[in-house]
Every structure is written in structure tokens, then in C-alpha cells.
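run16.cif follows; it contains mmCIF, C-alpha atoms.
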data_run
loop_
_atom_site.label_atom_id
_atom_site.label_comp_id
_atom_site.auth_asym_id
_atom_site.auth_seq_id
_atom_site.Cartn_x
_atom_site.Cartn_y
_atom_site.Cartn_z
CA MET A 21 -12.45 14.45 -4.57
CA PHE A 22 -9.83 16.30 -6.64
CA ILE A 23 -8.57 18.13 -3.54
CA LEU A 24 -8.37 14.85 -1.63
CA GLN A 25 -6.38 13.20 -4.43
CA CYS A 26 -3.99 16.16 -4.52
CA LEU A 27 -3.45 15.88 -0.77
CA ILE A 28 -2.75 12.12 -1.07
CA PHE A 29 -0.27 12.70 -3.89
CA THR A 30 1.46 15.43 -1.89
CA GLY A 31 1.56 13.19 1.18
CA MET A 32 3.11 10.25 -0.70
CA ASP A 33 5.60 12.45 -2.53
CA LYS A 34 6.76 13.95 0.76
CA LEU A 35 6.91 10.55 2.41
CA LEU A 36 9.07 9.10 -0.37
CA THR A 37 11.36 12.14 -0.18
CA ASP A 38 11.64 11.76 3.60
CA ILE A 39 12.50 8.08 3.28
CA ARG A 40 15.11 8.68 0.60
CA ASN A 41 16.69 11.35 2.81
CA CYS A 42 16.61 9.17 5.94
CA THR A 43 19.88 8.84 7.87
CA VAL A 44 18.53 7.31 11.10
CA CYS A 45 20.93 4.36 11.11
CA LYS A 46 23.87 5.95 9.24
CA SER A 47 26.34 5.09 12.01
CA ASN A 48 25.53 1.38 11.56
CA LEU A 49 25.90 1.18 7.77
CA PRO A 50 28.99 0.30 5.72
CA ASN A 51 28.07 2.91 3.06
CA LYS A 52 26.57 6.38 3.01
CA PRO A 53 22.78 5.99 3.49
CA ARG A 54 20.91 5.52 0.21
CA PRO A 55 17.41 4.22 0.98
CA ILE A 56 16.07 2.28 -1.98
CA LEU A 57 12.40 1.67 -2.73
CA GLN A 58 9.64 2.07 -5.30
CA ALA A 59 6.05 3.00 -4.50
CA SER A 60 3.07 5.10 -5.50
CA ILE A 61 -0.42 5.63 -4.13
CA HIS A 62 -1.73 3.36 -6.91
CA SER A 63 0.61 0.40 -6.34
CA SER A 64 -1.60 -2.69 -6.20
CA ILE A 65 1.04 -5.39 -5.61
CA ILE A 66 3.42 -4.73 -2.75
CA ILE A 67 6.62 -6.75 -2.48
CA ILE A 68 8.31 -6.59 0.90
CA GLY A 69 11.80 -8.03 0.78
CA GLN A 70 14.81 -8.03 3.06
CA ALA A 71 17.41 -5.36 2.27
CA PRO A 72 19.34 -4.35 -0.84
CA GLY A 73 22.64 -6.05 -1.56
CA GLN A 74 25.73 -4.06 -2.43
CA LYS A 75 24.99 -4.25 -6.18
CA VAL A 76 21.53 -2.76 -5.69
CA GLN A 77 22.92 -0.19 -3.24
CA ASP A 78 25.36 0.91 -5.95
CA SER A 79 22.79 1.08 -8.76
CA GLY A 80 19.95 2.54 -6.68
CA ILE A 81 17.46 0.27 -8.47
CA PRO A 82 15.47 -2.22 -6.36
CA TRP A 83 15.99 -5.89 -7.20
CA ASP A 84 18.61 -4.99 -9.84
CA ASP A 85 20.48 -8.26 -9.47
CA ALA A 86 20.26 -12.03 -9.97
CA SER A 87 17.63 -12.28 -7.22
CA GLY A 88 15.51 -9.73 -9.08
CA ASN A 89 15.78 -11.70 -12.31
CA GLU A 90 14.54 -14.81 -10.54
CA LEU A 91 11.77 -12.93 -8.76
CA ARG A 92 10.47 -11.55 -12.06
CA ARG A 93 10.48 -15.08 -13.47
CA TRP A 94 8.47 -16.29 -10.49
CA LEU A 95 5.97 -13.46 -10.95
CA GLY A 96 5.75 -13.94 -14.72
CA VAL A 97 6.41 -10.26 -15.45
CA ASN A 98 8.97 -8.30 -17.44
CA LYS A 99 11.09 -5.39 -16.25
CA GLU A 100 8.72 -2.81 -17.71
CA GLN A 101 5.87 -4.17 -15.63
CA PHE A 102 8.01 -4.76 -12.54
CA TYR A 103 9.38 -1.22 -12.47
CA ASN A 104 5.98 0.38 -13.03
CA ASP A 105 5.18 1.87 -9.62
CA GLN A 106 1.50 2.02 -10.57
CA ILE A 107 1.58 -1.78 -10.38
CA PHE A 108 4.38 -2.78 -8.03
CA ALA A 109 5.64 -1.24 -4.81
CA LEU A 110 9.08 -2.57 -3.89
CA ILE A 111 9.67 -2.07 -0.19
CA PRO A 112 12.46 -3.72 1.79
CA MET A 113 12.50 -4.37 5.52
CA GLY A 114 15.72 -2.39 5.60
CA PHE A 115 16.13 0.34 2.97
CA CYS A 116 19.95 0.37 2.84
CA TYR A 117 22.58 -2.32 2.41
CA PRO A 118 23.33 -3.51 5.97
CA GLY A 119 26.82 -4.86 5.33
CA LYS A 120 28.44 -8.26 5.10
CA GLY A 121 28.13 -10.84 7.87
CA SER A 122 29.94 -14.10 8.54
CA SER A 123 27.62 -16.10 6.24
CA GLY A 124 26.13 -13.59 3.81
CA ASP A 125 24.67 -10.14 4.24
CA MET A 126 23.73 -8.83 7.66
CA PRO A 127 20.01 -8.76 8.62
CA PRO A 128 18.01 -5.68 7.59
CA ARG A 129 18.40 -2.75 9.94
CA PRO A 130 15.58 -2.89 12.53
CA GLU A 131 14.82 0.84 12.43
CA CYS A 132 13.29 1.01 8.95
CA ALA A 133 10.09 -1.05 9.05
CA PRO A 134 8.62 0.40 12.29
CA LEU A 135 9.44 3.90 11.10
CA TRP A 136 8.30 3.82 7.47
CA HIS A 137 6.16 0.82 6.54
CA LYS A 138 2.84 1.84 8.05
CA PRO A 139 2.88 5.35 6.52
CA LEU A 140 3.72 3.82 3.14
CA LEU A 141 0.97 1.22 3.28
CA ASP A 142 -1.54 3.76 4.57
CA ASN A 143 -0.87 5.91 1.50
CA MET A 144 -1.44 3.05 -0.96
CA LYS A 145 -5.15 3.14 -1.59
CA ASP A 146 -5.24 0.48 -4.33
CA LYS A 147 -3.25 -2.31 -2.66
CA LYS A 148 -4.53 -5.81 -3.43
CA LEU A 149 -1.73 -8.14 -2.35
CA ILE A 150 1.36 -8.00 -0.15
CA ILE A 151 4.08 -10.51 -1.06
CA LEU A 152 6.36 -11.28 1.89
CA ILE A 153 9.78 -12.45 0.80
CA GLY A 154 11.98 -14.17 3.36
CA GLN A 155 11.85 -14.66 7.10
CA TYR A 156 12.23 -11.03 8.20
CA SER A 157 9.13 -9.70 6.46
CA GLN A 158 7.16 -12.80 7.40
CA GLN A 159 8.07 -12.51 11.08
CA TYR A 160 7.14 -8.84 11.06
CA TYR A 161 3.80 -9.15 9.28
CA LEU A 162 2.52 -12.62 10.11
CA GLY A 163 3.44 -12.64 13.79
CA LYS A 164 1.67 -15.44 15.65
CA GLU A 165 0.32 -16.83 12.37
CA LEU A 166 3.85 -17.77 11.33
CA LYS A 167 4.54 -21.50 11.07
CA ALA A 168 7.45 -23.21 12.83
CA THR A 169 9.74 -22.91 9.78
CA LEU A 170 9.93 -20.76 6.69
CA THR A 171 9.33 -23.87 4.58
CA GLU A 172 6.09 -24.59 6.42
CA THR A 173 4.98 -20.98 6.11
CA VAL A 174 5.55 -20.95 2.35
CA LYS A 175 3.95 -24.37 1.94
CA ASN A 176 0.83 -23.02 3.67
CA HIS A 177 0.82 -19.80 1.61
CA LYS A 178 -2.89 -20.04 0.78
CA ALA A 179 -3.76 -19.68 4.47
CA TYR A 180 -2.55 -16.05 4.41
CA LEU A 181 -4.48 -14.92 1.36
CA PRO A 182 -6.02 -12.65 0.24
CA GLN A 183 -3.87 -10.12 2.14
CA PHE A 184 -0.46 -11.80 2.21
CA LEU A 185 1.49 -14.34 0.18
CA PRO A 186 4.78 -15.58 1.71
CA LEU A 187 7.68 -16.69 -0.48
CA VAL A 188 11.27 -17.76 0.02
CA HIS A 189 13.96 -15.36 -1.12
CA PRO A 190 14.82 -15.75 -4.83
CA SER A 191 18.56 -15.54 -4.11
CA PRO A 192 20.87 -17.99 -5.90
CA ARG A 193 21.83 -19.10 -2.38
CA ASN A 194 18.38 -20.69 -2.08
CA ARG A 195 18.73 -23.00 -5.08
CA ILE A 196 19.58 -25.92 -2.79
CA TRP A 197 16.36 -25.25 -0.85
CA GLN A 198 14.41 -25.26 -4.10
CA GLN A 199 15.99 -28.55 -5.16
CA LYS A 200 14.93 -30.08 -1.84
CA ASN A 201 11.42 -28.65 -2.18
CA PRO A 202 10.31 -29.25 -5.80
CA TRP A 203 6.69 -28.48 -4.86
CA PHE A 204 7.65 -24.79 -4.79
CA GLU A 205 8.44 -24.66 -8.51
CA MET A 206 5.66 -27.06 -9.45
CA GLU A 207 2.84 -25.65 -7.32
CA VAL A 208 3.58 -22.26 -5.77
CA ILE A 209 5.07 -20.46 -8.76
CA PRO A 210 2.22 -21.30 -11.20
CA TYR A 211 -0.28 -20.33 -8.51
CA LEU A 212 1.60 -17.06 -7.90
CA GLN A 213 1.71 -16.27 -11.62
CA LYS A 214 -2.03 -16.85 -11.93
CA ILE A 215 -2.70 -14.43 -9.06
CA ILE A 216 -0.40 -11.78 -10.54
CA LEU A 217 -1.95 -12.14 -14.01
CA ASN A 218 -5.43 -11.70 -12.55
CA LEU A 219 -4.33 -8.57 -10.70
CA LEU A 220 -2.68 -7.13 -13.80
CA ILE A 221 -5.89 -7.37 -15.84
CA LEU A 222 -8.19 -5.91 -13.18
#

Mind turning the file's structure into C-alpha cells?
Amino acid sequence: MFILQCLIFTGMDKLLTDIRNCTVCKSNLPNKPRPILQASIHSSIIIIGQAPGQKVQDSGIPWDDASGNELRRWLGVNKEQFYNDQIFALIPMGFCYPGKGSSGDMPPRPECAPLWHKPLLDNMKDKKLIILIGQYSQQYYLGKELKATLTETVKNHKAYLPQFLPLVHPSPRNRIWQQKNPWFEMEVIPYLQKIILNLLIL
């Protein structure tokens, strides 16, 4: 058992190093590649987001922005808990900032998830829940189970448990969506916090 655990640790350490050194899509990025993620073999809650913004790209810390503050509020956790890789894995669909588009940031680079997600998830032996934030992760992981709109998918979040839980993106840009959909704050967030609390005390 000890030898097996050592091999798993070595495998994950090498994988994380390989990801952080990845330059596969460097010619399509506005900055020098700097893949940003957090993970360990013991991560039990996996958050799969979109791609880092420029602020996060500069700091090198996942969710180190206003969206991260809101996400932590939704989860009911503090920064110490959130940045504990024994609890949370923070994995984006695209590991580097993809650049600015005509109406916000560009979509995550398509190379990252097919290349790195499966090896990461395969190395996480204690995973209990995968939180899918935004349309890109939901399209990738839910496939044919996806509803017609993101709103419908999030509203039917219980249908994807216990493996997945879909959420909207916690960006300030989505405040109008939240105002139009008060059930999210009233129903989904308390339900999410209850799930997270239960996982934290296991």
C-alpha cells in the first residue's frame, strides 16, 4: 500500500509539473503561457470553471478575483479552506487567460480539457463532487444530459447529483441573471452550502 501511495503521489506531482509547463497553445495566447490550477490526489471537491481572467493570470492564484469572492460566498467557505488542495481542486477548462473578445473574455482554449482533465481526475482518488461552473464545463461533462439553456440546467441541478452539480458563473457580469432568477440565491445556494458542509465534515 505504501509503495502504491508513493507511485500515486509521484504521478500527480509529475502531472501537475507537466501541466504548469504546458505550452501547447502558446501561439494563440495574449500572454506567455502560465497554466493555473490547484489539485492533489486527496481533493474531494473539484471545481471546474472556465479560464482565468487577466488578474488571475497575473497573480497565478486560481479564482483570485471578484468572481472568486462570490464563489466562496456561494460555497460557504473561507480562503483557507478554499485554497486547501486536500479539499478543493480548482481546474479550469482552459488553464491560461485566452484573451479579450468583443463582449468579454474569449472562450477557454479547446486544447486543455481533452489533454489534461482525464489524467487529473484519474489521479484524484477521494473525489466526491464535481462542480461545473458555466456553459463550457457543463457542455463538456454533461453532454446529452444538458438542458436547452444554462438556466434550465442549473435549475435542474439535483438531476446531476451525486457526481456533478452545475452552477452559473459567479462573475459580476451575471448579477442581472441572478436578479432575474431569485430562486438561485434562495434555493440553490443554501442547498450547495449544505452539501459542501457535509463533505467538509466527512

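The space separating atom CA of A:Tyr103 from atom CA of A:Leu57 comes to 10.6 Å.
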
Q: Take the PyMOL selection byres ((chain A and resi 140) around 10), apply it to the structure above, and return the hits as a PyMOL selection string.
A: chain A and resi 31-32+35-36+39+59-61+109+111+133+135-139+141-144

Q. In terms of the shortest atom-to-atom distance over all atoms listed in the file, which of A:Pro50, A:Pro130, A:Gly96, A:Pro118 is closest to A:Pro72?
A. A:Pro118

Q | Two-atom distance - atom CA of A:Ile153, atom CA of A:Ser79 (Å) | A | 21.1 Å

Q: Using atom CA of A:Pro190 and atom CA of A:Trp83 as the two end points, give the distance in Å to one decimal.
A: 10.2 Å

Q: Using the chain letters and numbering of this document, enumerate as a ChimeraX atom specification the residues selected by the PyMOL selection byres ((chain A and resi 215-217) around 12).
A: /A:64-67,92-97,101-102,107-108,148-151,178,181-182,184-185,208-214,218-222

**Q.** Which residue of A:Ile81, A:Leu91, A:Phe115, A:Lys34 approaches A:Pro55 most closely, using all atoms listed in the file
**A.**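 Checking each candidate against A:Pro55, we get A:Phe115 as the closest.
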
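The residues caught by the PyMOL selection byres ((chain A and resi 155) around 9) in this file are Gln70, Leu152, Ile153, Gly154, Tyr156, Ser157, Gln158, Gln159, Tyr160, Thr169, Leu170, Pro186, Leu187, Val188 and His189 of chain A.
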
Q) A:Gly80: which residues within 10 Å, counting all atoms listed in the file, same-chain residues fewer than 2 positions away excluded, as a ChimeraX atom specification? A) /A:54-57,72,74-78,82-84,116

Take the selection from the previous step and output its residues with C-alpha atoms, as a CSV table (one decimal), in the coordinates of the input.
chain,number,residue,atom,x,y,z
A,54,ARG,CA,20.9,5.5,0.2
A,55,PRO,CA,17.4,4.2,1.0
A,56,ILE,CA,16.1,2.3,-2.0
A,57,LEU,CA,12.4,1.7,-2.7
A,72,PRO,CA,19.3,-4.4,-0.8
A,74,GLN,CA,25.7,-4.1,-2.4
A,75,LYS,CA,25.0,-4.2,-6.2
A,76,VAL,CA,21.5,-2.8,-5.7
A,77,GLN,CA,22.9,-0.2,-3.2
A,78,ASP,CA,25.4,0.9,-6.0
A,82,PRO,CA,15.5,-2.2,-6.4
A,83,TRP,CA,16.0,-5.9,-7.2
A,84,ASP,CA,18.6,-5.0,-9.8
A,116,CYS,CA,20.0,0.4,2.8

Q.
Nearest residue to A:Glu90 out of A:Asp146, A:Asn104, A:Arg195, A:Lys200, using all atoms listed in the file?
A.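 Smallest distance to A:Glu90 is found for A:Arg195.
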
(Q) When you count all atoms listed in the file, which of these residues is closest to A:Cys45: A:Ser63, A:Ala86, A:Gln106, A:Cys132? (A)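 The shortest atom-to-atom distance to A:Cys45 comes from A:Cys132.
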
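For the set A:Thr43, A:Gln58, A:Asn176, A:Thr171, the residue with the smallest atom-to-atom gap to A:Asn201 is A:Thr171, counting all atoms listed in the file.
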
Q: Compile the contact shell of A:Phe204 as JSON, numbers by chain: residues with an atom at most 9 Å away, counting all atoms listed in the file, same-chain residues fewer than 6 positions apart removed.
A: {"A": [174, 175, 198]}
